[in-house]
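Note: the block below is entry-v5.cif and it holds mmCIF, C-alpha atoms.
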```cif
data_model
#
loop_
_atom_site.label_atom_id
_atom_site.label_comp_id
_atom_site.auth_asym_id
_atom_site.auth_seq_id
_atom_site.Cartn_x
_atom_site.Cartn_y
_atom_site.Cartn_z
CA MET A 214 49.79 -5.84 -48.44
CA HIS A 215 48.47 -9.19 -47.46
CA ARG A 216 46.08 -7.58 -44.97
CA LYS A 217 44.77 -5.15 -47.53
CA ALA A 218 44.09 -7.95 -49.87
CA ALA A 219 42.23 -9.87 -47.16
CA LYS A 220 40.12 -6.77 -46.42
CA GLY A 221 39.33 -6.42 -50.07
CA ARG A 222 38.18 -9.99 -50.23
CA ARG A 223 36.00 -9.52 -47.16
CA ARG A 224 34.46 -6.42 -48.64
CA ALA A 225 33.79 -8.25 -51.81
CA SER A 226 32.01 -11.03 -49.97
CA ALA A 227 29.96 -8.42 -48.02
CA ARG A 228 28.94 -6.90 -51.28
CA ASN A 229 27.77 -10.25 -52.49
CA ARG A 230 25.62 -10.90 -49.43
CA PRO A 231 22.67 -8.61 -50.36
CA GLN A 232 21.95 -10.95 -53.22
CA GLN A 233 21.21 -13.76 -50.82
CA PRO A 234 18.41 -12.52 -48.49
CA ALA A 235 15.82 -14.50 -50.44
CA LYS A 236 17.53 -17.60 -49.16
CA ARG A 237 17.51 -16.35 -45.55
CA ASN A 238 16.28 -18.90 -43.15
CA VAL A 239 12.61 -18.40 -42.21
CA ALA A 240 13.27 -19.70 -38.71
CA ALA A 241 15.97 -17.07 -38.24
CA LEU A 242 13.55 -14.37 -39.36
CA ILE A 243 10.90 -15.50 -36.88
CA ALA A 244 13.44 -15.80 -34.07
CA GLY A 245 14.65 -12.29 -34.84
CA GLY A 246 11.10 -10.95 -34.79
CA VAL A 247 10.30 -12.66 -31.49
CA GLY A 248 13.53 -11.30 -30.04
CA GLU A 249 12.59 -7.78 -31.06
CA LEU A 250 9.14 -8.18 -29.53
CA MET A 251 10.66 -9.36 -26.26
CA LEU A 252 13.08 -6.45 -26.17
CA THR A 253 10.16 -4.13 -26.86
CA ALA A 254 8.10 -5.69 -24.06
CA GLY A 255 11.04 -5.20 -21.69
CA ALA A 256 11.29 -1.55 -22.67
CA VAL A 257 7.52 -1.08 -22.14
CA VAL A 258 7.73 -2.61 -18.66
CA LEU A 259 10.62 -0.29 -17.78
CA LEU A 260 8.60 2.65 -19.07
CA PHE A 261 5.71 1.55 -16.86
CA VAL A 262 8.04 1.66 -13.88
CA VAL A 263 9.09 5.16 -14.90
CA TYR A 264 5.40 6.04 -15.14
CA THR A 265 4.51 4.78 -11.67
CA LEU A 266 7.55 6.29 -9.97
CA TRP A 267 7.73 9.61 -11.72
CA GLY A 268 4.97 10.09 -14.33
CA THR A 269 2.11 9.87 -11.84
CA GLY A 270 3.78 12.46 -9.62
CA ILE A 271 3.63 15.16 -12.30
CA GLN A 272 -0.13 14.82 -12.61
CA THR A 273 -0.50 14.86 -8.82
CA ALA A 274 1.65 17.97 -8.43
CA ASN A 275 -0.50 19.80 -10.99
CA ALA A 276 -3.68 18.64 -9.27
CA GLN A 277 -2.36 19.83 -5.91
CA ASP A 278 -1.72 23.28 -7.40
CA ASP A 279 -5.31 23.42 -8.68
CA LEU A 280 -6.67 22.26 -5.31
CA ARG A 281 -4.54 24.87 -3.56
CA ASP A 282 -6.13 27.56 -5.73
CA GLN A 283 -9.54 26.09 -4.98
CA LEU A 284 -8.92 26.36 -1.24
CA GLY A 285 -7.93 29.97 -1.77
CA LEU A 286 -4.74 29.52 0.19
CA GLU A 287 -2.83 32.68 0.76
CA ALA A 288 0.02 32.79 3.22
CA GLY A 289 -1.25 29.60 4.81
CA GLN A 290 -4.73 30.96 5.47
CA LEU A 291 -7.89 29.43 4.10
CA GLU A 292 -10.07 31.80 2.14
CA LYS A 293 -12.53 34.02 3.95
CA GLU A 294 -15.76 32.53 2.67
CA PRO A 295 -15.09 28.87 1.95
CA ILE A 296 -17.64 26.26 0.90
CA PRO A 297 -18.86 24.47 4.07
CA LEU A 298 -17.42 20.95 4.32
CA ASP A 299 -20.83 19.25 4.02
CA GLU A 300 -21.50 21.01 0.72
CA LEU A 301 -18.27 19.87 -0.96
CA GLU A 302 -18.52 17.67 -4.04
CA VAL A 303 -16.46 14.52 -4.39
CA GLY A 304 -13.03 15.50 -5.70
CA ASP A 305 -13.12 19.02 -4.24
CA ALA A 306 -10.35 20.44 -2.08
CA TYR A 307 -11.22 19.54 1.52
CA GLY A 308 -8.45 20.91 3.69
CA LEU A 309 -4.82 20.57 4.65
CA ILE A 310 -2.93 17.80 6.38
CA ARG A 311 0.44 18.31 8.05
CA ILE A 312 2.50 15.60 9.69
CA PRO A 313 5.74 16.95 11.19
CA ARG A 314 7.19 13.41 11.30
CA PHE A 315 7.30 13.50 7.49
CA GLY A 316 9.14 16.82 7.50
CA GLU A 317 8.70 20.48 8.37
CA ASP A 318 7.39 21.35 4.92
CA TRP A 319 5.25 18.25 4.51
CA GLU A 320 1.83 19.59 3.67
CA TRP A 321 -0.82 18.18 1.36
CA ILE A 322 -4.24 19.28 0.22
CA ILE A 323 -6.84 16.65 1.13
CA VAL A 324 -9.52 15.90 -1.45
CA GLN A 325 -13.09 14.85 -0.71
CA GLY A 326 -13.51 11.13 -1.49
CA THR A 327 -11.30 8.07 -1.77
CA GLU A 328 -11.97 6.79 -5.27
CA ASP A 329 -8.87 6.23 -7.43
CA SER A 330 -9.73 9.40 -9.33
CA ASP A 331 -9.65 11.37 -6.05
CA LEU A 332 -6.55 9.77 -4.57
CA LYS A 333 -4.43 10.41 -7.65
CA ASN A 334 -4.82 14.10 -6.78
CA GLY A 335 -3.85 13.80 -3.11
CA PRO A 336 -4.81 12.26 0.25
CA GLY A 337 -8.55 11.54 0.31
CA HIS A 338 -11.22 11.89 3.00
CA TYR A 339 -13.38 8.76 3.43
CA LEU A 340 -16.87 10.03 2.59
CA ASP A 341 -18.52 7.95 5.32
CA SER A 342 -16.25 9.32 8.04
CA VAL A 343 -16.93 12.45 10.08
CA ASP A 344 -15.30 15.82 9.54
CA PRO A 345 -12.26 16.71 11.67
CA GLY A 346 -12.98 17.74 15.25
CA GLU A 347 -16.27 15.85 15.34
CA VAL A 348 -17.10 12.85 17.53
CA GLY A 349 -16.32 9.76 15.44
CA ASN A 350 -13.42 8.72 13.25
CA PHE A 351 -12.12 11.22 10.69
CA SER A 352 -10.38 9.01 8.11
CA ILE A 353 -7.83 9.66 5.39
CA ALA A 354 -6.26 7.43 2.71
CA ALA A 355 -3.17 8.28 0.63
CA HIS A 356 -0.66 6.68 -1.72
CA ARG A 357 2.71 5.47 -0.51
CA SER A 358 4.25 4.94 -3.97
CA GLY A 359 3.57 6.99 -7.07
CA HIS A 360 1.07 9.84 -7.31
CA GLY A 361 3.42 12.08 -5.35
CA GLU A 362 3.66 9.38 -2.64
CA PRO A 363 2.31 11.51 0.23
CA PHE A 364 2.57 8.62 2.72
CA ALA A 365 5.98 7.36 1.48
CA ASP A 366 7.38 7.29 5.04
CA PHE A 367 4.25 5.86 6.64
CA PRO A 368 6.05 3.16 8.69
CA GLU A 369 8.10 5.92 10.36
CA LEU A 370 4.99 7.15 12.18
CA GLU A 371 5.23 6.65 15.92
CA VAL A 372 2.83 6.74 18.82
CA GLY A 373 2.76 10.33 20.07
CA ASP A 374 3.23 11.89 16.63
CA ILE A 375 1.08 14.89 15.76
CA VAL A 376 -1.24 15.09 12.77
CA GLU A 377 -2.55 18.57 12.05
CA ILE A 378 -5.68 19.07 9.96
CA GLU A 379 -6.79 22.47 8.74
CA THR A 380 -10.16 22.99 7.06
CA SER A 381 -12.59 25.87 6.67
CA ALA A 382 -14.01 24.70 10.04
CA GLY A 383 -10.74 25.24 11.91
CA THR A 384 -7.44 23.66 12.80
CA PHE A 385 -7.35 20.33 14.63
CA LEU A 386 -4.46 18.56 16.30
CA TYR A 387 -4.49 14.80 16.65
CA GLN A 388 -1.95 12.64 18.46
CA LEU A 389 -1.37 9.08 17.28
CA ASP A 390 -2.01 6.35 19.86
CA ASP A 391 -1.45 3.43 17.46
CA ALA A 392 1.16 3.55 14.68
CA PRO A 393 3.69 1.33 12.86
CA ASN A 394 6.46 2.73 15.12
CA GLY A 395 9.21 2.31 12.55
CA ASP A 396 8.32 -1.30 11.74
CA PRO A 397 7.98 -1.69 7.95
CA ASP A 398 5.32 -4.37 8.59
CA GLY A 399 3.75 -2.62 11.58
CA ASN A 400 -0.05 -2.22 11.74
CA ARG A 401 -0.51 -4.34 8.65
CA ILE A 402 -4.13 -5.23 7.93
CA GLY A 403 -6.11 -6.93 5.17
CA ILE A 404 -7.69 -5.04 2.32
CA ARG A 405 -11.18 -5.69 3.75
CA ASP A 406 -10.34 -4.57 7.29
CA SER A 407 -12.62 -1.57 7.11
CA TRP A 408 -13.06 -1.67 10.91
CA VAL A 409 -10.11 0.70 11.20
CA VAL A 410 -12.23 3.48 9.69
CA ASP A 411 -15.39 2.61 11.66
CA PRO A 412 -16.69 5.32 14.05
CA VAL A 413 -15.28 3.29 16.94
CA PRO A 414 -12.39 1.20 15.53
CA GLY A 415 -12.61 -2.42 16.63
CA GLU A 416 -16.23 -2.18 17.78
CA PRO A 417 -19.37 -3.00 15.72
CA GLU A 418 -20.14 -0.32 13.19
CA GLU A 419 -23.31 0.81 14.96
CA THR A 420 -21.49 1.47 18.25
CA GLU A 421 -22.08 5.07 19.29
CA PRO A 422 -18.74 6.92 19.25
CA THR A 423 -17.66 9.07 22.16
CA GLU A 424 -14.10 9.90 21.07
CA ARG A 425 -12.87 12.27 18.40
CA ARG A 426 -10.48 10.11 16.42
CA ILE A 427 -8.39 10.17 13.24
CA THR A 428 -7.34 7.17 11.13
CA LEU A 429 -4.85 7.11 8.25
CA THR A 430 -4.62 4.24 5.77
CA THR A 431 -2.18 3.42 2.98
CA CYS A 432 -0.98 0.40 1.03
CA TRP A 433 1.26 -2.46 2.13
CA PRO A 434 3.75 -3.32 0.76
CA ARG A 435 4.92 0.05 -0.44
CA TRP A 436 5.17 -0.98 -4.11
CA GLY A 437 2.08 -3.15 -4.12
CA SER A 438 -1.30 -3.37 -2.50
CA SER A 439 -1.92 -6.91 -1.29
CA HIS A 440 -2.53 -5.47 2.20
CA ARG A 441 -3.07 -2.15 3.93
CA MET A 442 -1.39 -0.30 6.76
CA TYR A 443 -2.96 2.09 9.24
CA ALA A 444 -2.28 4.53 12.04
CA THR A 445 -4.81 6.06 14.37
CA GLY A 446 -4.99 8.81 16.97
CA ILE A 447 -7.15 11.05 19.09
CA LEU A 448 -7.96 14.77 19.09
CA ILE A 449 -5.82 16.67 21.58
CA GLY A 450 -6.55 20.23 20.61
CA GLY A 451 -7.67 22.60 17.99
CA GLU A 452 -9.18 25.88 17.18
CA GLU A 453 -12.54 26.12 15.51
CA VAL A 454 -13.24 29.02 13.21
CA MET B 897 10.30 -5.65 -37.25
CA TYR B 898 12.25 -2.44 -36.69
CA ALA B 899 14.28 -3.00 -39.85
CA TRP B 900 11.08 -3.70 -41.77
CA ILE B 901 9.58 -0.39 -40.60
CA TRP B 902 12.81 1.39 -41.49
CA ARG B 903 12.73 -0.04 -45.02
CA HIS B 904 9.14 1.11 -45.51
CA LEU B 905 9.66 4.70 -44.34
CA PRO B 906 9.89 7.18 -47.22
CA GLY B 907 12.64 9.66 -48.02
CA PRO B 908 16.40 9.89 -47.45
CA TRP B 909 17.83 8.61 -44.18
CA PRO B 910 17.71 11.88 -42.17
CA LEU B 911 14.00 12.18 -42.92
CA ARG B 912 13.45 8.52 -42.12
CA LEU B 913 15.24 8.96 -38.83
CA LEU B 914 13.06 11.98 -37.97
CA ILE B 915 9.86 10.10 -38.81
CA TYR B 916 11.06 7.11 -36.81
CA VAL B 917 11.84 9.21 -33.73
CA ILE B 918 8.45 10.98 -33.94
CA LEU B 919 6.71 7.63 -34.34
CA ILE B 920 8.39 6.18 -31.25
CA ALA B 921 7.75 9.35 -29.24
CA ALA B 922 4.06 9.21 -30.18
CA ILE B 923 3.82 5.59 -29.05
CA ILE B 924 5.50 6.39 -25.70
CA TYR B 925 3.14 9.36 -25.24
CA ALA B 926 0.12 7.12 -25.88
CA LEU B 927 1.46 4.61 -23.36
CA PHE B 928 1.78 7.28 -20.67
CA ILE B 929 -1.55 8.95 -21.36
CA TRP B 930 -3.83 5.98 -21.94
CA VAL B 931 -2.23 2.57 -21.51
CA PHE B 932 -0.37 2.94 -18.21
CA PRO B 933 -3.23 4.65 -16.30
CA TRP B 934 -5.49 1.86 -17.53
CA ALA B 935 -2.99 -0.82 -16.49
CA GLU B 936 -2.62 0.73 -13.06
CA ASP B 937 -6.39 0.58 -12.50
CA ALA B 938 -6.84 -2.84 -14.08
CA PHE B 939 -4.18 -4.57 -12.00
CA ASN B 940 -5.04 -2.89 -8.68
CA ILE B 941 -1.42 -2.19 -7.93
CA SER B 942 -1.90 1.01 -5.97
CA GLU B 943 -4.95 0.64 -3.76
CA VAL B 944 -4.76 2.37 -0.41
CA THR B 945 -8.30 2.24 1.00
CA VAL B 946 -9.92 -0.39 3.19
CA GLY B 947 -13.31 -2.00 2.63
#
```

Write out the structure in this file as structure tokens.
Amino acid sequence: MHRKAAKGRRRASARNRPQQPAKRNVAALIAGGVGELMLTAGAVVLLFVVYTLWGTGIQTANAQDDLRDQLGLEAGQLEKEPIPLDELEVGDAYGLIRIPRFGEDWEWIIVQGTEDSDLKNGPGHYLDSVDPGEVGNFSIAAHRSGHGEPFADFPELEVGDIVEIETSAGTFLYQLDDAPNGDPDGNRIGIRDSWVVDPVPGEPEETEPTERRITLTTCWPRWGSSHRMYATGILIGGEEV
Amino acid sequence: MYAWIWRHLPGPWPLRLLIYVILIAAIIYALFIWVFPWAEDAFNISEVTVG
């Protein structure tokens, strides 16, 4: 009985409260508003993380499907009358890249160009670099986090690993001779170290190339881009169409 | 802020709730479609090319 009475009293006082909001402390109102804003900001940051980890991948997967159609891929074969590589527009489907180190089924459509708008669709071919199989340095850039993260396992690349490139011009096998070798910080370079994609890496840009090379670049660290990471190799075989 | 919005939504509470959920979903959609892609570009957080 006593308890019930106490409850009744409490309810009565709760009923009285709505008459008091006019007297509510202004400071408390502001503090409450700021608190809500901070909670909201926290939620937005978390959503941004969701976006980078997962949201960007949806767009990339759709783009890869479109690029696959563009290449006319059927049963792993490029279409019979493809656009020659030198006539491709920036953003077009360029060819296929396969790296067995990243898994048996690891296969991506390369796009022509390395602007952000190209790379969000898949690994991109540096416009200034030669086409695969040619004398010079065929160069590719790809994301390591978000956008489908094609190069997620980049540090796992080891010297001796095979990189297979298939375009309308043929299939080309490269073997890496410089790679991170499992070191998460291996082959780390600065963001301006464009020498890695020069025709002859490490030599002045005008040096006449004699080797048929490949170079891959991605970001370092994985979830940022204060630096870059690279791997490079040389042509060991192939089959021109 | 949220309570203020709630008080200014019209209709009985189920309708208010529906409007509120749609409002929040629309804001999240806008974030994903416009704001986050912009932020990603603006803050250079996923650059992978050299030069």

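Using all atoms listed in the file, the set of residues no farther than 10 Å from the position (1.5, 7.4, -20.4) comprises Leu260, Phe261, Val263, Tyr264, Thr265, Gly268 and Thr269 of chain A; Ile923, Ile924, Tyr925, Ala926, Leu927, Phe928, Ile929, Trp930, Val931, Phe932, Pro933 and Trp934 of chain B.
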
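With only C-alpha atoms as the atoms that count, the residue of A:Pro412, A:Pro297, A:Gly346, A:Gly337 with the shortest distance to chain B is A:Gly337.
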
Result set, the PyMOL selection byres ((chain B) within 6 of (chain A)) on current file, as a count of residues only
8

Can you work out the spacing between CA of Asp318 (chain A) and CA of Pro393 (chain A) in Å, to one decimal?
21.9 Å

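Minimum distance to Glu362 (chain A) across A:Thr253, A:Ser381, A:Asn238, A:Asn334 (counting all atoms listed in the file) occurs at A:Asn334.
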
In Å, with one decimal, what is the gap from CA of Ile427 (chain A) to CA of Pro363 (chain A)?
16.9 Å

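One distance worth recording is that between CA of Glu419 (chain A) and CA of Gln325 (chain A), which is 23.4 Å.
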
I need the output of the PyMOL selection byres ((chain B and resi 900-905) around 12) for this file as a PyMOL selection string; which residues are they?
(chain A and resi 242+245-246+249) or (chain B and resi 897-899+906-917+919-920)

Evaluate the PyMOL selection byres ((chain A and resi 312) around 10) here and jot the selected residues down as a list of chain:residue names.
A:Ile310, A:Arg311, A:Pro313, A:Arg314, A:Phe315, A:Gly316, A:Glu317, A:Asp318, A:Trp319, A:Glu320, A:Trp321, A:Phe364, A:Leu370, A:Asp374, A:Ile375, A:Val376, A:Glu377, A:Ile378, A:Tyr387
